[in-house]
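One structure is given below, encoded as structure tokens.
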Amino acid sequence: MPRSLSSLPFRLLLASTALAFGGYALLLPVVPLWVARGGSGEFGAGLTTGVLMAVTVGTQLLVPALLRRVGHRPVLVAGSLLLGLPTPLLALTADLGPVLGISALRGIGFGMATVAGSALVAELVEPSAHGRASARYGYAVGLPQLLFLPAGVAVVDALGFTGVFLLAGVTPVAGALVVAFVRGPRRAVPPPGAGGAGHPRERRRRLPAAPVLAMLGCSTAQGGVITFAPLAVPGATVAVPAALFATALGALLGRGVAGTLTDRTGRPGTLLPVGTLCAAVGLLGVLAAPWASGLLVAGALVVGAGFGLVQNDAMVALFAAAGPLHYGAASAAWNIAYDAGTGLGATGLGAIAEPFGFAAAFGATAAVLLLLTPAVRRRSA
């Protein structure tokens with residue numbers, strides 16, 4: 001089987017990923033709105049996303065073992081189906097309890113799909129092209145979010161909640177059908193001659209801390225910007241949507257640059273301190289947004305670009321450290337750091353902002369990133 005960026009299996013993986021993340025992104029702003037209109041209030045609205053992400057992270061911890069036992073493609077198919085099939089049931093009720101149950105099912109599917117999908121990137125493409133492959137995978141993840149996150153509420157106005165729930169359910173199921181044509185490895189197979197071929201855990205390598213720390217720090221920063229930019233600058237009706245768009249766009253640009261540089265140098269991990277420093281500088285711009293709303297857009301773009309550099313470089317560094325037998329473990333570590341940091345950005349910055357203000361919240365996060373930069377640099381070296 002060819003293992004190149006132009007191979008059919010890799011292209012099909014990208015198509016499946018875009019479909020799954022399209023359904024995921026479309027509902028992120030819609031489900032909270034649905035339960036809020038049903039009378040659950042702001043806490044209930046936030047709880048729907050909280051449950052989704054908590055179950056996602058819990059599932060991601062278990063997926064590497066599942067990949068070894070079942071294989072990449074079945075796990076990705078099952079995850080995409082669990083993400084999509086329960087979604088139309090949301091139209092039956094806006095009561096918080098059933099919606100949280102459906103969100104939990106979707107979180108299981110999302111956790112399975114994210115870990116299996118990014119692990120397949122490493123399996124389907126040769127290591128010398130992992131940087132560019134990870135960048136293209138990042139495009140398949142990021143472009144649907146770039147399009148559908150801002151469009152979710154507008155689509156509700158056009159199609160109604162039922163139409164959105166049907167659309168968001170169909171797209172991951174279509175992604176599962178695409179995966180059926182991906183001819184990839186069924187499970188990780190030890191190289192010939194390796195001792196203890198039946199026990200890959202005996203040869204598990206310790207994953208480096210630097211990529212995980214950088215991912216946690218930068219995803220916390222981005223999660224805080226996405227969550228609190230509308231509240232931090234409430235009167236900036238143009239700058240806030242532009243900043244949210246700029247954050248996603250910056251991440252895509254950062255991933256593309258990192259993918260090319262990492263493959264060219266063959267030294268994954270060297271861009272991690274550059275990314276954390278960029279994210280810290282961008283947060284300083286966001287911090288100054290109440291005095292000049294244009295700085296919000298510029299700062300958000302730089303935060304996104306720094307996170308994009310870290311996302312790509314961290315993924316390739318973890319794959320290189322884990323080795324082919326444990327791409328699933330590397331994928332899980334990367335995804336958990338991403339999702340846990342996003343949740344921390346929403347909850348942790350909120351805990352600081354409520355008593356001390358948004359300037360303190362963004363400033364504290366920038367300070368943490370500045371302190372994290374030399375630590376990440378030392379660990380990467």
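How things are named: the first chain in the structure tokens is A, the next is B, and so on; residues count from 1 in each chain; ligands count from 1 in the order shown.
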
Item to complete: Would you mind listing what lies within 10 Å of stretch 6-9 of chain A as a list in words, with only C-alpha atoms counted and same-chain residues fewer than 6 positions away left out?
Response: Ala15, Leu120, Val121, Leu124, Val125, Ala133, Val178, Val179, Phe181, Val182, Arg183 and Gly184 of chain A

Any chance you could export the current selection's all heavy atoms as a PDB file, in the first residue's frame?
```pdb
ATOM      1  N   ALA A  15     -11.206  13.367   3.876  1.00  0.00           N
ATOM      2  CA  ALA A  15     -12.621  13.609   3.576  1.00  0.00           C
ATOM      3  C   ALA A  15     -13.501  13.180   4.738  1.00  0.00           C
ATOM      4  O   ALA A  15     -14.434  13.900   5.138  1.00  0.00           O
ATOM      5  CB  ALA A  15     -13.016  12.868   2.305  1.00  0.00           C
ATOM      6  N   LEU A 120      -4.241   7.351  12.414  1.00  0.00           N
ATOM      7  CA  LEU A 120      -4.182   6.885  11.029  1.00  0.00           C
ATOM      8  C   LEU A 120      -3.314   7.783  10.166  1.00  0.00           C
ATOM      9  O   LEU A 120      -2.741   7.332   9.163  1.00  0.00           O
ATOM     10  CB  LEU A 120      -5.593   6.791  10.441  1.00  0.00           C
ATOM     11  CG  LEU A 120      -6.261   5.420  10.516  1.00  0.00           C
ATOM     12  CD1 LEU A 120      -7.698   5.495  10.040  1.00  0.00           C
ATOM     13  CD2 LEU A 120      -5.488   4.396   9.696  1.00  0.00           C
ATOM     14  N   VAL A 121      -3.223   9.063  10.519  1.00  0.00           N
ATOM     15  CA  VAL A 121      -2.325   9.952   9.772  1.00  0.00           C
ATOM     16  C   VAL A 121      -0.913   9.373   9.773  1.00  0.00           C
ATOM     17  O   VAL A 121      -0.238   9.300   8.737  1.00  0.00           O
ATOM     18  CB  VAL A 121      -2.325  11.367  10.382  1.00  0.00           C
ATOM     19  CG1 VAL A 121      -1.250  12.230   9.747  1.00  0.00           C
ATOM     20  CG2 VAL A 121      -3.691  12.020  10.211  1.00  0.00           C
ATOM     21  N   LEU A 124      -0.759   5.980   7.675  1.00  0.00           N
ATOM     22  CA  LEU A 124      -0.988   6.005   6.234  1.00  0.00           C
ATOM     23  C   LEU A 124       0.086   6.755   5.451  1.00  0.00           C
ATOM     24  O   LEU A 124       0.122   6.680   4.221  1.00  0.00           O
ATOM     25  CB  LEU A 124      -2.353   6.624   5.928  1.00  0.00           C
ATOM     26  CG  LEU A 124      -3.575   5.839   6.418  1.00  0.00           C
ATOM     27  CD1 LEU A 124      -4.851   6.618   6.144  1.00  0.00           C
ATOM     28  CD2 LEU A 124      -3.633   4.458   5.768  1.00  0.00           C
ATOM     29  N   VAL A 125       0.942   7.509   6.150  1.00  0.00           N
ATOM     30  CA  VAL A 125       1.967   8.321   5.484  1.00  0.00           C
ATOM     31  C   VAL A 125       3.325   8.000   6.106  1.00  0.00           C
ATOM     32  O   VAL A 125       3.434   7.807   7.318  1.00  0.00           O
ATOM     33  CB  VAL A 125       1.647   9.827   5.624  1.00  0.00           C
ATOM     34  CG1 VAL A 125       2.723  10.672   4.974  1.00  0.00           C
ATOM     35  CG2 VAL A 125       0.293  10.131   5.009  1.00  0.00           C
ATOM     36  N   ALA A 133       1.668  15.818   6.431  1.00  0.00           N
ATOM     37  CA  ALA A 133       0.437  15.039   6.597  1.00  0.00           C
ATOM     38  C   ALA A 133      -0.371  15.563   7.777  1.00  0.00           C
ATOM     39  O   ALA A 133      -1.607  15.692   7.692  1.00  0.00           O
ATOM     40  CB  ALA A 133       0.782  13.568   6.805  1.00  0.00           C
ATOM     41  N   VAL A 178     -17.363   6.816   4.148  1.00  0.00           N
ATOM     42  CA  VAL A 178     -16.113   7.057   3.428  1.00  0.00           C
ATOM     43  C   VAL A 178     -14.996   6.190   4.000  1.00  0.00           C
ATOM     44  O   VAL A 178     -14.165   5.643   3.264  1.00  0.00           O
ATOM     45  CB  VAL A 178     -15.733   8.552   3.497  1.00  0.00           C
ATOM     46  CG1 VAL A 178     -14.327   8.789   2.960  1.00  0.00           C
ATOM     47  CG2 VAL A 178     -16.737   9.384   2.721  1.00  0.00           C
ATOM     48  N   VAL A 179     -14.954   6.045   5.336  1.00  0.00           N
ATOM     49  CA  VAL A 179     -13.901   5.268   5.984  1.00  0.00           C
ATOM     50  C   VAL A 179     -13.922   3.816   5.500  1.00  0.00           C
ATOM     51  O   VAL A 179     -12.879   3.141   5.472  1.00  0.00           O
ATOM     52  CB  VAL A 179     -14.056   5.319   7.518  1.00  0.00           C
ATOM     53  CG1 VAL A 179     -13.049   4.402   8.208  1.00  0.00           C
ATOM     54  CG2 VAL A 179     -13.870   6.734   8.020  1.00  0.00           C
ATOM     55  N   PHE A 181     -13.863   2.737   2.716  1.00  0.00           N
ATOM     56  CA  PHE A 181     -12.995   2.591   1.552  1.00  0.00           C
ATOM     57  C   PHE A 181     -11.528   2.851   1.879  1.00  0.00           C
ATOM     58  O   PHE A 181     -10.680   2.787   0.996  1.00  0.00           O
ATOM     59  CB  PHE A 181     -13.450   3.546   0.439  1.00  0.00           C
ATOM     60  CG  PHE A 181     -14.820   3.241  -0.087  1.00  0.00           C
ATOM     61  CD1 PHE A 181     -15.927   3.910   0.414  1.00  0.00           C
ATOM     62  CD2 PHE A 181     -14.996   2.270  -1.055  1.00  0.00           C
ATOM     63  CE1 PHE A 181     -17.194   3.629  -0.065  1.00  0.00           C
ATOM     64  CE2 PHE A 181     -16.265   1.980  -1.541  1.00  0.00           C
ATOM     65  CZ  PHE A 181     -17.368   2.661  -1.039  1.00  0.00           C
ATOM     66  N   VAL A 182     -11.236   3.170   3.148  1.00  0.00           N
ATOM     67  CA  VAL A 182      -9.844   3.407   3.548  1.00  0.00           C
ATOM     68  C   VAL A 182      -9.185   2.059   3.808  1.00  0.00           C
ATOM     69  O   VAL A 182      -9.602   1.324   4.699  1.00  0.00           O
ATOM     70  CB  VAL A 182      -9.760   4.290   4.811  1.00  0.00           C
ATOM     71  CG1 VAL A 182      -8.312   4.407   5.274  1.00  0.00           C
ATOM     72  CG2 VAL A 182     -10.336   5.670   4.536  1.00  0.00           C
ATOM     73  N   ARG A 183      -8.169   1.743   3.023  1.00  0.00           N
ATOM     74  CA  ARG A 183      -7.442   0.499   3.215  1.00  0.00           C
ATOM     75  C   ARG A 183      -6.176   0.802   3.997  1.00  0.00           C
ATOM     76  O   ARG A 183      -5.145   1.162   3.440  1.00  0.00           O
ATOM     77  CB  ARG A 183      -7.096  -0.134   1.864  1.00  0.00           C
ATOM     78  CG  ARG A 183      -8.325  -0.601   1.095  1.00  0.00           C
ATOM     79  CD  ARG A 183      -8.954  -1.810   1.797  1.00  0.00           C
ATOM     80  NE  ARG A 183     -10.147  -2.277   1.079  1.00  0.00           N
ATOM     81  CZ  ARG A 183     -11.387  -1.927   1.382  1.00  0.00           C
ATOM     82  NH1 ARG A 183     -11.594  -1.084   2.381  1.00  0.00           N
ATOM     83  NH2 ARG A 183     -12.411  -2.403   0.723  1.00  0.00           N
ATOM     84  N   GLY A 184      -6.278   0.681   5.303  1.00  0.00           N
ATOM     85  CA  GLY A 184      -5.140   0.941   6.169  1.00  0.00           C
ATOM     86  C   GLY A 184      -4.851  -0.263   7.023  1.00  0.00           C
ATOM     87  O   GLY A 184      -5.496  -1.311   6.890  1.00  0.00           O
TER      88      GLY A 184
END
```

Discussion item. With only C-alpha atoms as the counted atoms, please give the residues lying no more than 6 Å from stretch 309-313 of chain A, apart from itself and same-chain residues fewer than 6 positions off, as a ChimeraX atom specification.
Written reply: /A:254-255,258,268-269,272,275

Worksheet entry | Contacts of A:Leu213 within 8 Å, only C-alpha atoms, excl. fewer than 5 positions in-chain, as a PyMOL selection string | chain A and resi 337+372+376

Selection to disk with all heavy atoms, as a short mmCIF file (atom, residue, chain, number, x, y, z; two decimals), in the first residue's frame:
```cif
data_model
loop_
_atom_site.label_atom_id
_atom_site.label_comp_id
_atom_site.auth_asym_id
_atom_site.auth_seq_id
_atom_site.Cartn_x
_atom_site.Cartn_y
_atom_site.Cartn_z
N ALA A 337 -4.56 16.56 25.53
CA ALA A 337 -4.00 17.88 25.84
C ALA A 337 -4.79 18.98 25.15
O ALA A 337 -5.05 20.04 25.75
CB ALA A 337 -2.53 17.94 25.41
N LEU A 372 6.38 29.07 30.49
CA LEU A 372 6.42 27.74 29.89
C LEU A 372 7.40 27.66 28.73
O LEU A 372 8.00 26.59 28.48
CB LEU A 372 5.01 27.37 29.40
CG LEU A 372 4.75 25.95 28.93
CD1 LEU A 372 4.95 24.97 30.07
CD2 LEU A 372 3.32 25.83 28.39
N VAL A 376 9.70 24.44 27.87
CA VAL A 376 9.45 23.63 26.68
C VAL A 376 10.70 23.55 25.81
O VAL A 376 11.01 22.50 25.25
CB VAL A 376 8.26 24.23 25.89
CG1 VAL A 376 8.17 23.60 24.51
CG2 VAL A 376 6.97 24.03 26.65
#
```

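Coordinates place atom CA of A:Ala248 at a distance of 14.3 Å from atom CA of A:Tyr338.
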
Worksheet, complete the sentence: Judged by only C-alpha atoms, the minimum distance to A:Ala242 among A:Ala176, A:Val31, A:Val55, A:Ala300 is found for A:Ala300

Discussion item. For A:Val99, find every residue with an atom within 9 Å (counting only C-alpha atoms), except residues of its own chain fewer than 3 positions away, and show them as a list of chain:residue names.
Written reply: A:Val31, A:Val35, A:Thr48, A:Leu89, A:Leu90, A:Thr93, A:Ala94, A:Asp95, A:Leu96, A:Ile102, A:Ser103, A:Ala104

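For the atom pair formed by atom CA of A:Val286 and atom CA of A:Val303, the distance is 9.0 Å, given to one decimal.
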
Worksheet entry | Close residues, A:Thr162 itself excluded, 10 Å, only C-alpha atoms, min 4 positions apart in chain, as a PyMOL selection string | chain A and resi 87-92+156+166-168

Can you write out the residues you just picked, keeping N, CA, C and O atoms, as an mmCIF file, in the first residue's frame?
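Below is the file part_21.cif, written as the result:
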```
data_model
loop_
_atom_site.group_PDB
_atom_site.id
_atom_site.type_symbol
_atom_site.label_atom_id
_atom_site.label_comp_id
_atom_site.auth_asym_id
_atom_site.auth_seq_id
_atom_site.Cartn_x
_atom_site.Cartn_y
_atom_site.Cartn_z
ATOM 1 N N THR A 87 -27.642 12.270 16.970
ATOM 2 C CA THR A 87 -27.853 13.716 16.877
ATOM 3 C C THR A 87 -29.289 14.104 16.524
ATOM 4 O O THR A 87 -29.849 15.027 17.145
ATOM 5 N N PRO A 88 -29.964 13.470 15.545
ATOM 6 C CA PRO A 88 -31.344 13.871 15.240
ATOM 7 C C PRO A 88 -32.306 13.710 16.417
ATOM 8 O O PRO A 88 -33.357 14.363 16.445
ATOM 9 N N LEU A 89 -31.949 12.876 17.403
ATOM 10 C CA LEU A 89 -32.805 12.708 18.579
ATOM 11 C C LEU A 89 -32.917 14.000 19.392
ATOM 12 O O LEU A 89 -33.864 14.152 20.186
ATOM 13 N N LEU A 90 -31.972 14.917 19.215
ATOM 14 C CA LEU A 90 -32.048 16.189 19.922
ATOM 15 C C LEU A 90 -33.332 16.946 19.578
ATOM 16 O O LEU A 90 -33.832 17.724 20.392
ATOM 17 N N ALA A 91 -33.859 16.727 18.378
ATOM 18 C CA ALA A 91 -35.067 17.448 17.958
ATOM 19 C C ALA A 91 -36.297 17.032 18.768
ATOM 20 O O ALA A 91 -37.293 17.766 18.777
ATOM 21 N N LEU A 92 -36.224 15.899 19.473
ATOM 22 C CA LEU A 92 -37.394 15.407 20.197
ATOM 23 C C LEU A 92 -37.654 16.182 21.472
ATOM 24 O O LEU A 92 -38.799 16.259 21.928
ATOM 25 N N VAL A 156 -29.521 27.768 11.854
ATOM 26 C CA VAL A 156 -30.761 27.573 12.602
ATOM 27 C C VAL A 156 -31.852 28.491 12.069
ATOM 28 O O VAL A 156 -33.017 28.072 11.889
ATOM 29 N N LEU A 166 -30.576 17.292 11.864
ATOM 30 C CA LEU A 166 -30.501 16.282 10.800
ATOM 31 C C LEU A 166 -29.207 16.428 10.007
ATOM 32 O O LEU A 166 -28.517 15.433 9.725
ATOM 33 N N LEU A 167 -28.854 17.655 9.645
ATOM 34 C CA LEU A 167 -27.637 17.889 8.876
ATOM 35 C C LEU A 167 -26.401 17.473 9.666
ATOM 36 O O LEU A 167 -25.488 16.820 9.134
ATOM 37 N N ALA A 168 -26.367 17.842 10.957
ATOM 38 C CA ALA A 168 -25.217 17.504 11.794
ATOM 39 C C ALA A 168 -25.150 16.014 12.095
ATOM 40 O O ALA A 168 -24.084 15.508 12.473
#
```

Discussion item. I'd like the contact shell of stretch 361-368 of chain A - 7 Å cut-off, only C-alpha atoms, skipping same-chain residues fewer than 4 positions apart - returned as a VMD selection string.
Written reply: chain A and resid 221 280 283 to 284 287 349 352 to 353 357 372

Would you save the residues from that selection as a CSV table (one decimal), in the first residue's frame, using all heavy atoms?
```csv
chain,number,residue,atom,x,y,z
A,221,ALA,N,-5.0,29.0,26.1
A,221,ALA,CA,-5.1,30.4,25.6
A,221,ALA,C,-6.2,30.5,24.5
A,221,ALA,O,-7.0,31.4,24.5
A,221,ALA,CB,-3.7,30.8,25.0
A,280,ALA,N,1.7,33.7,23.7
A,280,ALA,CA,1.7,34.7,24.8
A,280,ALA,C,1.7,36.1,24.3
A,280,ALA,O,1.0,37.0,24.8
A,280,ALA,CB,3.0,34.5,25.6
A,283,LEU,N,-1.8,37.0,23.3
A,283,LEU,CA,-2.7,37.3,24.4
A,283,LEU,C,-2.5,38.7,24.9
A,283,LEU,O,-3.5,39.3,25.4
A,283,LEU,CB,-2.4,36.3,25.5
A,283,LEU,CG,-3.1,34.9,25.4
A,283,LEU,CD1,-2.7,34.0,26.6
A,283,LEU,CD2,-4.6,35.1,25.3
A,284,LEU,N,-1.3,39.3,24.8
A,284,LEU,CA,-1.1,40.6,25.2
A,284,LEU,C,-1.9,41.6,24.4
A,284,LEU,O,-2.4,42.6,24.9
A,284,LEU,CB,0.4,41.0,25.2
A,284,LEU,CG,1.3,40.2,26.1
A,284,LEU,CD1,2.7,40.6,26.0
A,284,LEU,CD2,0.9,40.4,27.6
A,287,LEU,N,-5.5,41.3,25.5
A,287,LEU,CA,-5.6,42.0,26.8
A,287,LEU,C,-5.8,43.5,26.6
A,287,LEU,O,-6.6,44.1,27.3
A,287,LEU,CB,-4.3,41.7,27.6
A,287,LEU,CG,-4.2,42.2,29.1
A,287,LEU,CD1,-3.2,41.3,29.8
A,287,LEU,CD2,-3.8,43.6,29.2
A,349,LEU,N,-10.0,30.4,33.1
A,349,LEU,CA,-10.0,31.9,32.9
A,349,LEU,C,-11.3,32.5,33.4
A,349,LEU,O,-11.3,33.6,33.9
A,349,LEU,CB,-9.9,32.2,31.4
A,349,LEU,CG,-8.4,32.4,30.9
A,349,LEU,CD1,-7.7,31.0,31.0
A,349,LEU,CD2,-8.4,32.9,29.5
A,352,ILE,N,-10.9,33.2,37.1
A,352,ILE,CA,-10.1,34.4,37.3
A,352,ILE,C,-10.8,35.7,37.0
A,352,ILE,O,-10.8,36.7,37.7
A,352,ILE,CB,-8.7,34.3,36.6
A,352,ILE,CG1,-7.9,33.1,37.0
A,352,ILE,CG2,-7.9,35.6,36.7
A,352,ILE,CD1,-6.7,32.9,36.2
A,353,ALA,N,-11.5,35.6,35.8
A,353,ALA,CA,-12.2,36.8,35.3
A,353,ALA,C,-13.3,37.3,36.2
A,353,ALA,O,-13.5,38.5,36.3
A,353,ALA,CB,-12.7,36.6,33.9
A,357,GLY,N,-11.5,40.3,36.7
A,357,GLY,CA,-11.6,40.9,35.4
A,357,GLY,C,-10.8,40.2,34.3
A,357,GLY,O,-10.0,39.3,34.6
A,372,LEU,N,6.4,29.1,30.5
A,372,LEU,CA,6.4,27.7,29.9
A,372,LEU,C,7.4,27.7,28.7
A,372,LEU,O,8.0,26.6,28.5
A,372,LEU,CB,5.0,27.4,29.4
A,372,LEU,CG,4.7,25.9,28.9
A,372,LEU,CD1,5.0,25.0,30.1
A,372,LEU,CD2,3.3,25.8,28.4
```
